[in-house]
Each structure stands twice: as structure tokens, then as C-alpha cells.
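S.K.: Below is one structure. I have some questions about it.
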Amino acid sequence: MQNNDGGAGASLSVSDEVFGAEFKPGLIHQVVTAYLAASRSGTKAQKTRAQVSGGNSKPFRQKGTGRARAGTTRGPIWRTGGRAFAAVPRDYSQKVNRKMYRGAVRSIVSELARQGRLVVVPELTLEAPKTKELMGKLAALNLVDVLILTDDLAENLYYAARNLPGVDVMSAHEVDPASLVAFEHVLATEAAVRKLEERLA
């Protein structure tokens, strides 16, 4: 794997099991879809006619009013009535086992490496949480739409990146497949690459 540290021909030796895996678009799609589905709250709820209040007595007499007969005000045609097909809380999660999840992440990072979209630097630190300083570092690497991976989430990097559109910072132990495919490039430190290897081996 090419190491972008400014030195000519510098490289970083990595595991072929993690960064040389076969590209499996079907598995990636399934895992990313399941991850996004699991993040849905599923807490939407509406009341049926059995759950709304009122309507215990007939609203008006059966005949002689010129109106359609009605026995309750809980029906869906009434303003305070219940919904005909009420939404209920539901679980959107899909089953994805650990082997599938790790296989999808290995496939993603391997394809990023093959396409040259995974950029590795020895380290990436900021002296202060300055957005301008981070913009300068990214401009030097010619990166715009980028996910920055570190071994541990650095506060200076996080605060400097949160106002930049198309830039996000995550630690290697919490990165997810949806975030990996959401950006054009991934900028990782050597320590983050090693942590990814340890996590996905």
C-alpha cells in the first residue's frame, strides 16, 4: 500500500487478508442497507379507533336529522377519530452476522486501496482545533470529499473538521461500512490502518 508521507517510493506493508480481499458488491449492499435500516428509530405511532378517547355514546339520534347515521365519533371520518390504518412502532433491523459484516468492510477497504482512494499518512495531528490548518493539510494532499480515520478520536481534528462540508473524522474502531462508502477518499494514519487490520483479521 502506498504511503503518502512525502518520501519517494515509501510504502506500508499490510495484510492481504484485510486489504486484498475480493470485491463483493452484493455483500456490501446488503450490509450497508442493514446498517442504515438499524439506525431508523421506528417509533412512529398513531391511534386506532379503539385507542382514541370519547365516542362512548351515539352522537345524535338515528333518524330525522338529515345526516348519515353514526354510532360513535371514534371512526376515521371524524375529526377526533382514530386512523383507519394506524402506524405502529416497528423494528427495521436486519440480521447480519459478524462474518458478513467484517467481510463487507474488508471488501470496501480493499477496493478503496485498489482504486487509490485510500490515502495513508504516518500521522495527522493539529496543534489547535483550527479549520484553516486542517484545510491546508487536506489541500496539500489534494483531498476534498474525505473521511479521516485515526487510531483514537483526536479532539482537535474533530473540532476542526465539523464545519467542513464533505469531511468527517472517525476512529478506526468505530468506523462503519456506510461511512466508508459515503466519501470519495479515505485518509488514514498508519496507526489507524494497523487498528483496522487488528479489528478485521
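By convention in this document, the chains of the C-alpha cells carry letters A, B, ... by their order, each chain's residues are numbered from 1, and ligands are numbered from 1 in the order they are shown.
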Give me the residues within 12 Å of A:Arg61 as a list of chain:residue names, counting only C-alpha atoms and dropping any in the same chain fewer than 5 places off.
M.R.: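 So, after excluding close chain neighbours, the residues are A:Gly66, A:Arg67, A:Ala68, A:Arg69, A:Ala70, A:Gly71, A:Thr72.
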S.K.: Please produce a file of those selected residues containing C-alpha atoms, as an mmCIF file, in the first residue's frame.
M.R.:
```cif
data_model
loop_
_atom_site.group_PDB
_atom_site.id
_atom_site.type_symbol
_atom_site.label_atom_id
_atom_site.label_comp_id
_atom_site.auth_asym_id
_atom_site.auth_seq_id
_atom_site.Cartn_x
_atom_site.Cartn_y
_atom_site.Cartn_z
ATOM 1 C CA GLY A 66 -80.836 14.560 7.567
ATOM 2 C CA ARG A 67 -77.349 13.320 8.345
ATOM 3 C CA ALA A 68 -75.826 9.918 7.818
ATOM 4 C CA ARG A 69 -76.345 7.617 10.769
ATOM 5 C CA ALA A 70 -73.450 7.403 13.200
ATOM 6 C CA GLY A 71 -72.919 5.339 16.297
ATOM 7 C CA THR A 72 -69.589 6.757 17.505
#
```
S.K.: Considering only alpha helix (DSSP H) as DSSP defines it on the backbone, what residues of stretch 148-194 of chain A qualify? List them as a list in words.
M.R.: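 Put together, the selection reads Glu155, Asn156, Leu157, Tyr158, Tyr159, Ala160, Ala161, Pro177, Ala178, Ser179, Leu180, Val181, Ala182, Glu190, Ala191, Ala192, Val193 and Arg194 of chain A.
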S.K.: Mind checking which residues fall within 8 Å of A:Ala188, counting only C-alpha atoms, ignoring those fewer than 2 positions away in the same chain, and posting them as a VMD selection string?
M.R.: chain A and resid 118 to 121 148 to 150 186 190 192 to 193
S.K.: Residues within 10 Å of A:Asp151, please, as a VMD selection string. Count only C-alpha atoms; anything in the same chain fewer than 3 positions from it doesn't count.
M.R.: chain A and resid 123 154 170 to 174 188 to 196
S.K.: For A:Leu126, please output as a list of chain:residue names all residues within 9 Å (counting only C-alpha atoms; exclusion window: fewer than 6 positions along the same chain).
M.R.: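 Returned residues: A:Glu133, A:Leu134, A:Ala154, A:Asn156, A:Leu157, A:Ala160.
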S.K.: Grab the residues selected above and save them as a short mmCIF file (atom, residue, chain, number, x, y, z; two decimals), in the first residue's frame with C-alpha atoms.
M.R.:
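Ended up saving to out-v2.cif:
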```
data_model
loop_
_atom_site.label_atom_id
_atom_site.label_comp_id
_atom_site.auth_asym_id
_atom_site.auth_seq_id
_atom_site.Cartn_x
_atom_site.Cartn_y
_atom_site.Cartn_z
CA GLU A 133 -5.00 24.39 9.43
CA LEU A 134 -6.87 21.21 8.52
CA ALA A 154 -8.47 13.40 18.39
CA ASN A 156 -8.50 18.93 17.64
CA LEU A 157 -9.17 17.05 14.41
CA ALA A 160 -11.52 21.41 13.07
#
```
S.K.: Write out as a PyMOL selection string the residues lying within 10 Å of A:Gly54, counting only C-alpha atoms and excluding same-chain residues fewer than 5 positions away.
M.R.: chain A and resi 49+72-74+80-81
S.K.: Write to file, as a compact mmCIF listing (two decimals), in the first residue's frame, the residues of the selection just made, with N, CA and C atoms.
M.R.:
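Printed below is result04.txt as written:
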```txt
# COMPACT_ATOMS: atom_id res chain seq x y z
N ARG A 49 -59.13 3.54 16.20
CA ARG A 49 -60.41 3.97 16.77
C ARG A 49 -60.64 3.36 18.16
N THR A 72 -70.73 6.36 16.68
CA THR A 72 -69.59 6.76 17.51
C THR A 72 -68.82 7.87 16.80
N THR A 73 -68.09 8.62 17.56
CA THR A 73 -67.22 9.66 16.98
C THR A 73 -65.77 9.20 16.88
N ARG A 74 -65.55 7.91 17.12
CA ARG A 74 -64.19 7.39 17.06
C ARG A 74 -63.79 6.94 15.66
N THR A 80 -61.83 13.97 15.40
CA THR A 80 -61.10 13.44 16.57
C THR A 80 -61.06 11.92 16.57
N GLY A 81 -61.39 11.31 15.45
CA GLY A 81 -61.42 9.85 15.39
C GLY A 81 -60.04 9.24 15.20
```
S.K.: Have a look at A:Ala140, A:Ile77, A:Ala45, A:Val52 and name the one nearest to A:Pro89; count only C-alpha atoms.
M.R.: A:Ala45
S.K.: Per DSSP on the backbone, filter stretch 13-175 of chain A down to the residues in strand (DSSP E or B) and report them as a PyMOL selection string.
M.R.: chain A and resi 118-121+146-150+167-171
S.K.: Just N, CA and C atoms for this one: save the residues we selected as a short mmCIF file (atom, residue, chain, number, x, y, z; two decimals), in the first residue's frame.
M.R.:
```
data_model
loop_
_atom_site.label_atom_id
_atom_site.label_comp_id
_atom_site.auth_asym_id
_atom_site.auth_seq_id
_atom_site.Cartn_x
_atom_site.Cartn_y
_atom_site.Cartn_z
N LEU A 118 -7.66 5.22 -0.97
CA LEU A 118 -7.24 5.11 0.43
C LEU A 118 -5.84 5.71 0.55
N VAL A 119 -5.76 6.85 1.23
CA VAL A 119 -4.50 7.57 1.39
C VAL A 119 -4.01 7.37 2.81
N VAL A 120 -2.76 6.93 2.95
CA VAL A 120 -2.20 6.65 4.28
C VAL A 120 -1.07 7.63 4.57
N VAL A 121 -1.12 8.23 5.74
CA VAL A 121 -0.06 9.14 6.19
C VAL A 121 0.47 8.63 7.52
N VAL A 146 -13.66 13.64 1.90
CA VAL A 146 -12.75 12.70 2.55
C VAL A 146 -13.23 12.32 3.95
N LEU A 147 -13.03 11.05 4.28
CA LEU A 147 -13.24 10.54 5.64
C LEU A 147 -11.88 10.34 6.26
N ILE A 148 -11.64 10.95 7.41
CA ILE A 148 -10.36 10.86 8.10
C ILE A 148 -10.45 9.80 9.18
N LEU A 149 -9.55 8.82 9.12
CA LEU A 149 -9.52 7.74 10.11
C LEU A 149 -8.28 7.88 10.98
N THR A 150 -8.49 7.86 12.29
CA THR A 150 -7.39 7.91 13.25
C THR A 150 -7.50 6.71 14.18
N VAL A 167 -16.31 16.47 4.88
CA VAL A 167 -15.19 15.99 5.68
C VAL A 167 -15.73 15.46 7.00
N ASP A 168 -15.27 14.28 7.39
CA ASP A 168 -15.68 13.72 8.67
C ASP A 168 -14.48 13.01 9.30
N VAL A 169 -14.49 12.89 10.61
CA VAL A 169 -13.41 12.25 11.35
C VAL A 169 -13.98 11.13 12.20
N MET A 170 -13.40 9.95 12.09
CA MET A 170 -13.83 8.81 12.89
C MET A 170 -12.60 8.04 13.33
N SER A 171 -12.75 7.30 14.43
CA SER A 171 -11.67 6.41 14.86
C SER A 171 -11.83 5.06 14.16
#
```
S.K.: If we count only C-alpha atoms and set the cut-off at 9 Å, which residues sit around A:Asp91, ignoring sequence neighbours fewer than 6 positions away in its own chain? Please answer as a PyMOL selection string.
M.R.: chain A and resi 37-38+40-43
S.K.: One number please: atom CA of A:Leu27 to atom CA of A:Ala104, in Å, one decimal.
M.R.: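 Atom-to-atom, atom CA of A:Leu27 and atom CA of A:Ala104 are spaced 6.0 Å apart.
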S.K.: Please determine, counting only C-alpha atoms, which residue among A:Val18, A:Ala86, A:Val105, A:Ala201 has the shortest atom-to-atom distance to A:Asp176.
M.R.: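 For A:Asp176, the nearest of the candidates is A:Val105.
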S.K.: Measuring between only C-alpha atoms, which one of A:Val175, A:Ala21, A:Leu36, A:Leu153 shows the shortest distance to A:Ile108?
M.R.: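 When distances to A:Ile108 are compared using only C-alpha atoms, the smallest one comes from A:Ala21.
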S.K.: Closest to A:Ser39 among A:Phe60, A:Glu127, A:Glu22, A:Gln94, using only C-alpha atoms?
M.R.: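 Result for the nearest residue to A:Ser39: A:Gln94.
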S.K.: Which of these residues is nearest to A:Met135, using only C-alpha atoms: A:Arg114, A:Ser93, A:Arg199, A:Asn163?
M.R.: A:Asn163
